[in-house]
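Worksheet: the structure to be examined is printed underneath.
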Amino acid sequence: MLSALDKDLLKSVADLEDIPKGAYNIRKNGKLESRSVSAHINIESDEERDGIIVTIAPGTINESVHIPVILSESGLNDVVYNTFVVGAGSDVTIIAGCGIHCGGPEPEGHEGIHEFRVGKGAKVKYVEKHYAAGQGYGKRTLNPTTKVFLEENAHVEMELTQISGVDEANRINEAVLGAGSSLVIMERVMTEGDQKAVSRNEITLAGENSSANMVSRSVIKGNSRQNFYATMVARQKCFGHIECDAIIMDNGANETIPALRAEHPDAELSHEASIGKIAGDQLMKLMSLCLSYEEAVNMIIQGFLR
Amino acid sequence: MLELKGLSFSVVEKNENGEEKRRDIIDAMDFTFEAGKFYAITGPNGSGKTTLSRLIMGINQPTAGRIFFEGKDITGMTITERATAGISYSFQQPARFKGVTFRDLLSVAAKTEKEEKLLEIVRRVGICPLSFLDKPVDSTLSGGEIKKIELATTIARNPKLAIYDEPDTGIDLWTIMPMVNLLKKEQIEHKTTTIVVSHNRSFLDVADDILIVDHGKLRYHGNLKNALPMLNDFRICSFNPCPEGEQDAQCFR
């Protein structure tokens, strides 16, 4: 049974009011809470390690899979390895997310490793939200890892969001792109207080005419710290771009290192990075429209993380 | 409705020898703008026009003097407070955002998110196509497009006093006259006191009063006809600064 607290976490990480329709797997406090499969999407427990294997049949169009994880037991550290096998020519949305409610003094954490094997010509939209809440002062840790393998002409869009309450996050994203495939990653992270977030990304453009665009938006409040590292490796004629912007507020700290490595003469790689306070001209414009300073800051941050 | 009393803005600069020297950008300016009139402020580059308009909006704080709006001293007010009092401002170089659309800005300016109201404003402004609404106000916009959006957000507030700092920068030839007509129409229909900082003759043509500023001082105030000799040859004025208190002689001695 899902409690009111569980439902609140589910809403925050998966936009779910209740049990979703279609294929889903809800994991609560390290155990399977409920699962449902559909005609084209199968979910089974991994025999070798803790986690699930989601198999999407070739040609599955317009279907979605929800795999939220909720933690509401103080002192639990949940490690899970999930594998997604996406059949050729399918077009699906995968919604993952982890919500932690920490009510006690013990630390709570979740380490989720998600591996995607995306078949020829398949399209995947992956949405992942991380959120933590609760009055307890136990440290809340989320260490997500995604490994994405794109076959020929596959297309993957990833939205990775961490908005609130996570004390420490170490994220690793790895991707290997086959010929003609494309990958778009949008990462949004907001930290506050003494939180720390590190994001390490390694994207290998292995196939001819593959393309990748990695966008990172960071808002660093209070005394928090965020580090962003991204490396794009080009092995063929391909296109890659990294865009990383950070807004520092209060006494936050940020380190941003985009790196490009071309191993082919026809590789086109570029990056842009910026770290700074909220621009004065943006604040003045919004204040000239009657917003107070605080309201203007809020609107700029919301837009930036949109 | 807007009164400037001894308004000054100066900065301290270092010369070649490292000595500090005060430079007056706006120099003890006195002027009263009357309600419902259309004013065009012109003058050479670096004369202080933009600074003057920024002082009125509160973007910069004056180093001396006072500003009164509808009889109330607004010198110490923030930008937000002046905006709430009814002053609206169009920036010469509008801010570009990330993830903020024209719709977002317009909703804030008009204090409504209703589609029909927003479309009504876009139609009233005329110079922005309806398709602009969901455009992000970011670096992908051209210089002309962002100026049109800036103008629309200024008008959407239904201000008592609207200040436009060089609204025609980056605007194509075919949009300048519709823009001039729009500001004139807003002045007449909504009784908006209008101040346009511009070098463009089209704005001077429709203005009720012309103000010529140079070296931080008001050199001329009057109609366009009498301003023409100065506009054609600025030396007439710059070599003969008007003494303070001399009301009628202005620069035509």
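Just remember, in the structure tokens the first chain shown is A, the second B, etc., residues are 1-based per chain, and ligands are 1-based in the order shown.
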- Item | Contacts of Ser34 (chain A) at 8 Å (only C-alpha atoms; same-chain gap of 5+ positions) as a PyMOL selection string | chain A and resi 24-27
Can you check which parts of chain A lie within 12 Å of chain B? Per residue, the shortest pair of atoms and distance in Å to one decimal, counting only C-alpha atoms, sorted by chain and number, as CSV.
```
residue,atom,partner,partner_atom,distance
A:Arg217,CA,B:Lys98,CA,10.0
A:Asp245,CA,B:Lys98,CA,10.0
A:Ala246,CA,B:Lys98,CA,11.7
A:Ile247,CA,B:Lys98,CA,11.5
A:Ile278,CA,B:Phe97,CA,10.0
A:Ala279,CA,B:Ala95,CA,8.5
A:Gly280,CA,B:Ala95,CA,8.8
A:Asp281,CA,B:Ala95,CA,5.4
A:Gln282,CA,B:Ala95,CA,5.2
A:Leu283,CA,B:Ala95,CA,8.7
A:Met284,CA,B:Ile59,CA,7.2
A:Lys285,CA,B:Ala95,CA,6.7
A:Leu286,CA,B:Leu105,CA,7.9
A:Met287,CA,B:Thr80,CA,4.9
A:Ser288,CA,B:Ala83,CA,5.4
A:Leu289,CA,B:Ala109,CA,5.3
A:Cys290,CA,B:Thr80,CA,4.8
A:Leu291,CA,B:Thr80,CA,6.1
A:Ser292,CA,B:Thr80,CA,5.9
A:Tyr293,CA,B:Thr80,CA,7.9
A:Glu294,CA,B:Thr80,CA,11.0
A:Glu295,CA,B:Thr80,CA,10.6
A:Ala296,CA,B:Thr80,CA,10.1
A:Val297,CA,B:Phe97,CA,11.9
A:Asn298,CA,B:Val100,CA,11.8
A:Met299,CA,B:Val100,CA,8.3
A:Ile300,CA,B:Phe97,CA,7.4
A:Ile301,CA,B:Lys98,CA,9.0
A:Gln302,CA,B:Gly99,CA,8.0
A:Gly303,CA,B:Gly99,CA,4.2
A:Phe304,CA,B:Lys98,CA,5.2
A:Leu305,CA,B:Gly99,CA,7.4
A:Arg306,CA,B:Gly99,CA,5.9
```
- Message: I need the residues in region 44-175 of chain B that are strand (DSSP E) according to DSSP; give them as a PyMOL selection string.
- Response: chain B and resi 64-69+72-73+87-90+161-165
- Item | Close residues, Ile275 (chain A) itself excluded, 12 Å, only C-alpha atoms, min 4 positions apart in chain, as a PyMOL selection string | chain A and resi 216-220+226-228+243-249+252-257+279
Under the rule of at most 12 Å, produce a per-residue listing of region 105-159 of chain A near region 43-52 of chain A: chain, number, name, the closest pair of atoms, and the distance in Å, as CSV, using only C-alpha atoms.
```
residue,atom,partner,partner_atom,distance
A:Glu111,CA,A:Gly51,CA,11.2
A:Gly112,CA,A:Gly51,CA,9.0
A:Ile113,CA,A:Gly51,CA,9.0
A:His114,CA,A:Gly51,CA,9.5
A:Glu115,CA,A:Ile52,CA,10.6
```
- Item | Residue list (helix (DSSP H, G or I), DSSP) for region 85-124 of chain B, as a ChimeraX atom specification | /B:85,102-110,115-124
- Item | Contact residues around Ala23 (chain A) with only C-alpha atoms at 6 Å, ignoring same-chain residues under 3 positions, as JSON, numbers by chain | {"A": [36, 37, 38, 65]}
For the selection you just gave me, I'd like the residues written to a file as an mmCIF file, in the first residue's frame, keeping N, CA and C atoms.
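Printed below is again.cif as written:
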```cif
data_model
loop_
_atom_site.group_PDB
_atom_site.id
_atom_site.type_symbol
_atom_site.label_atom_id
_atom_site.label_comp_id
_atom_site.auth_asym_id
_atom_site.auth_seq_id
_atom_site.Cartn_x
_atom_site.Cartn_y
_atom_site.Cartn_z
ATOM 1 N N SER A 36 3.570 -3.843 -13.168
ATOM 2 C CA SER A 36 2.595 -4.202 -14.189
ATOM 3 C C SER A 36 3.303 -4.216 -15.538
ATOM 4 N N VAL A 37 2.993 -5.201 -16.358
ATOM 5 C CA VAL A 37 3.610 -5.249 -17.688
ATOM 6 C C VAL A 37 2.516 -5.025 -18.735
ATOM 7 N N SER A 38 2.933 -4.671 -19.953
ATOM 8 C CA SER A 38 1.929 -4.511 -21.009
ATOM 9 C C SER A 38 2.251 -5.488 -22.134
ATOM 10 N N VAL A 65 6.901 3.743 -19.743
ATOM 11 C CA VAL A 65 7.226 2.883 -18.598
ATOM 12 C C VAL A 65 7.561 3.803 -17.424
#
```
- Do you know which residues are at most 7 Å from Glu106 (chain A) counting only C-alpha atoms, after dropping those on the same chain fewer than 5 positions away, and could you put them as a ChimeraX atom specification? /A:74-75,138
- Query: Excluding same-chain residues fewer than 4 positions from Pro258 (chain A), what lies within 9 Å of it counting only C-alpha atoms, as a list in words?
  - Reply: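 Skipping anything fewer than 4 positions along the chain leaves Phe228, Tyr229, Ala230, Thr231, Met232, Ile242, Glu243, Cys244, His271, Glu272 and Ala273 of chain A.
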- Task: Can you pull out every residue within 10 Å of Ile195 (chain B), counting only C-alpha atoms, but drop anything in the same chain fewer than 4 positions away, and send it as a list in words?
- Result: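 Selected residues are Phe33, Lys37, Phe38, Tyr39, Ala40, Ile41, Ser53, Tyr89, Leu161, Ala162, Ile163, Tyr164, Asp165, Leu183, Ala207, Asp209, Ile210 and Leu211 of chain B.
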Preceding selection exported with N, CA and C atoms as a short mmCIF file (atom, residue, chain, number, x, y, z; two decimals), in the first residue's frame:
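The resulting file, result.cif, is reproduced below:
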```
data_model
loop_
_atom_site.label_atom_id
_atom_site.label_comp_id
_atom_site.auth_asym_id
_atom_site.auth_seq_id
_atom_site.Cartn_x
_atom_site.Cartn_y
_atom_site.Cartn_z
N PHE B 33 8.38 67.88 -17.22
CA PHE B 33 7.65 67.23 -18.31
C PHE B 33 6.17 67.35 -17.99
N LYS B 37 2.11 64.73 -22.88
CA LYS B 37 2.88 65.22 -24.03
C LYS B 37 3.89 64.19 -24.54
N PHE B 38 4.30 64.38 -25.79
CA PHE B 38 5.28 63.49 -26.42
C PHE B 38 6.59 64.26 -26.54
N TYR B 39 7.61 63.81 -25.82
CA TYR B 39 8.91 64.48 -25.82
C TYR B 39 9.93 63.62 -26.58
N ALA B 40 10.72 64.27 -27.40
CA ALA B 40 11.85 63.57 -28.03
C ALA B 40 13.12 64.20 -27.48
N ILE B 41 13.99 63.34 -26.91
CA ILE B 41 15.28 63.83 -26.41
C ILE B 41 16.34 63.41 -27.41
N SER B 53 17.58 59.19 -18.92
CA SER B 53 16.40 58.33 -18.88
C SER B 53 16.54 57.24 -17.80
N TYR B 89 9.64 51.48 -18.85
CA TYR B 89 10.92 51.80 -19.48
C TYR B 89 11.30 50.76 -20.54
N LEU B 161 3.70 57.14 -17.60
CA LEU B 161 4.87 57.70 -18.26
C LEU B 161 5.66 56.56 -18.90
N ALA B 162 5.86 56.65 -20.22
CA ALA B 162 6.63 55.62 -20.93
C ALA B 162 7.91 56.24 -21.44
N ILE B 163 9.04 55.59 -21.12
CA ILE B 163 10.33 56.09 -21.59
C ILE B 163 10.91 55.05 -22.56
N TYR B 164 11.27 55.50 -23.74
CA TYR B 164 11.83 54.60 -24.75
C TYR B 164 13.24 55.06 -25.07
N ASP B 165 14.23 54.23 -24.77
CA ASP B 165 15.61 54.60 -25.08
C ASP B 165 15.99 54.01 -26.43
N LEU B 183 3.60 54.66 -31.03
CA LEU B 183 3.88 55.45 -29.83
C LEU B 183 3.01 56.71 -29.79
N ALA B 207 6.97 64.49 -32.29
CA ALA B 207 7.06 64.94 -30.90
C ALA B 207 6.42 66.31 -30.72
N ASP B 209 7.38 68.26 -28.16
CA ASP B 209 8.52 69.07 -27.73
C ASP B 209 9.83 68.34 -28.01
N ILE B 210 10.83 69.11 -28.38
CA ILE B 210 12.15 68.53 -28.61
C ILE B 210 13.07 69.02 -27.50
N LEU B 211 13.86 68.11 -26.95
CA LEU B 211 14.88 68.48 -25.97
C LEU B 211 16.24 68.11 -26.56
#
```
- Between CA of His215 (chain B) and CA of Asn17 (chain B) - distance in Å to one decimal: 23.3 Å
